[in-house]
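The structure appears right after this line, and notes come after that.
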Amino acid sequence: FMAILTGMAWLALYLLTIANVQQLTHEVARQSLQHHGGALSRAELCATIEQSLVTDLTETFVMISPERLGSVHCSAGTRAGWSEITLTYDASFMGFNSVFRRLNDGSDQITAKAIVMGG
């Protein structure tokens, strides 16, 4: 019984972490709209996202440890003027990791994407 309760608690924490990473990604995309389509090039926009937005916004999410936040990738979107933001988060520290790895195609990384539409 205790193993089931512990497993359910870890699963809830894992799902909450996934939700926080996805929400952080969408919030970064939303906040980047104030810089998108203006005088900034895509490279400058991506640098702004990586250097300030992600760092500042990460502090507002309880389940995300800044040191576990992996790469921030900003690239051209599927349409002209759009950008795609991808964040990865290292979840290898979480309990029952072998179970979660199976659910995540063998990876310890949680990956979230968001599109910034504009210009």
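Within each chain, counting starts at residue 1; across the structure tokens, chains are named A, B, ... in the order shown, with ligands numbered 1 upward in that order.
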**Asked** Neighbours of stretch 98-102 of chain A within 12 Å (only C-alpha atoms; same-chain residues fewer than 2 positions away dropped), as a list in words?
**Response**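 The contact residues come out as Gly7, Trp10, Leu11, Ala12, Leu13, Tyr14, Leu15, Ile18, Asp90, Ala91, Ser92, Phe93, Met94, Gly95, Phe96, Asn104, Asp105, Gly106, Ser107, Asp108, Gln109 and Ile110 of chain A.
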Residues from the last selection, C-alpha atoms, saved as a PDB file, in the first residue's frame:
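Contents of again_33.pdb, freshly written:
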```pdb
ATOM      1  CA  GLY A   7       4.398   5.853  -6.628  1.00  0.00           C
ATOM      2  CA  TRP A  10       6.056  10.634  -7.540  1.00  0.00           C
ATOM      3  CA  LEU A  11       3.792  10.406 -10.578  1.00  0.00           C
ATOM      4  CA  ALA A  12       1.938  13.524  -9.457  1.00  0.00           C
ATOM      5  CA  LEU A  13       5.244  15.382  -8.989  1.00  0.00           C
ATOM      6  CA  TYR A  14       6.451  14.220 -12.406  1.00  0.00           C
ATOM      7  CA  LEU A  15       3.234  15.361 -14.106  1.00  0.00           C
ATOM      8  CA  ILE A  18       5.934  18.462 -17.025  1.00  0.00           C
ATOM      9  CA  ASP A  90      16.588  17.240 -16.887  1.00  0.00           C
ATOM     10  CA  ALA A  91      14.255  14.997 -14.878  1.00  0.00           C
ATOM     11  CA  SER A  92      16.833  12.298 -14.120  1.00  0.00           C
ATOM     12  CA  PHE A  93      16.783  13.150 -10.405  1.00  0.00           C
ATOM     13  CA  MET A  94      13.145  12.158  -9.928  1.00  0.00           C
ATOM     14  CA  GLY A  95      12.196   8.966  -8.124  1.00  0.00           C
ATOM     15  CA  PHE A  96      10.915   5.980 -10.101  1.00  0.00           C
ATOM     16  CA  ASN A 104       9.101   9.309 -22.202  1.00  0.00           C
ATOM     17  CA  ASP A 105      10.593   7.210 -25.017  1.00  0.00           C
ATOM     18  CA  GLY A 106      13.703   6.333 -23.003  1.00  0.00           C
ATOM     19  CA  SER A 107      14.700   9.912 -22.231  1.00  0.00           C
ATOM     20  CA  ASP A 108      15.279  11.718 -18.936  1.00  0.00           C
ATOM     21  CA  GLN A 109      14.571  15.026 -20.667  1.00  0.00           C
ATOM     22  CA  ILE A 110      11.243  16.800 -20.559  1.00  0.00           C
TER      23      ILE A 110
END
```
**Request:** Find the spatial neighbours of stretch 49-63 of chain A, counting only C-alpha atoms, within a cut-off of 7 Å - ignore same-chain residues fewer than 4 positions away - and output them as number ranges by chain.
**Result:** A: 17, 20, 24, 28, 32, 45, 72
**Request:** Name the residues of chain A that come out as strand (DSSP E) in a backbone DSSP run; write them as a PyMOL selection string.
**Result:** chain A and resi 69-76+83-90+109-116
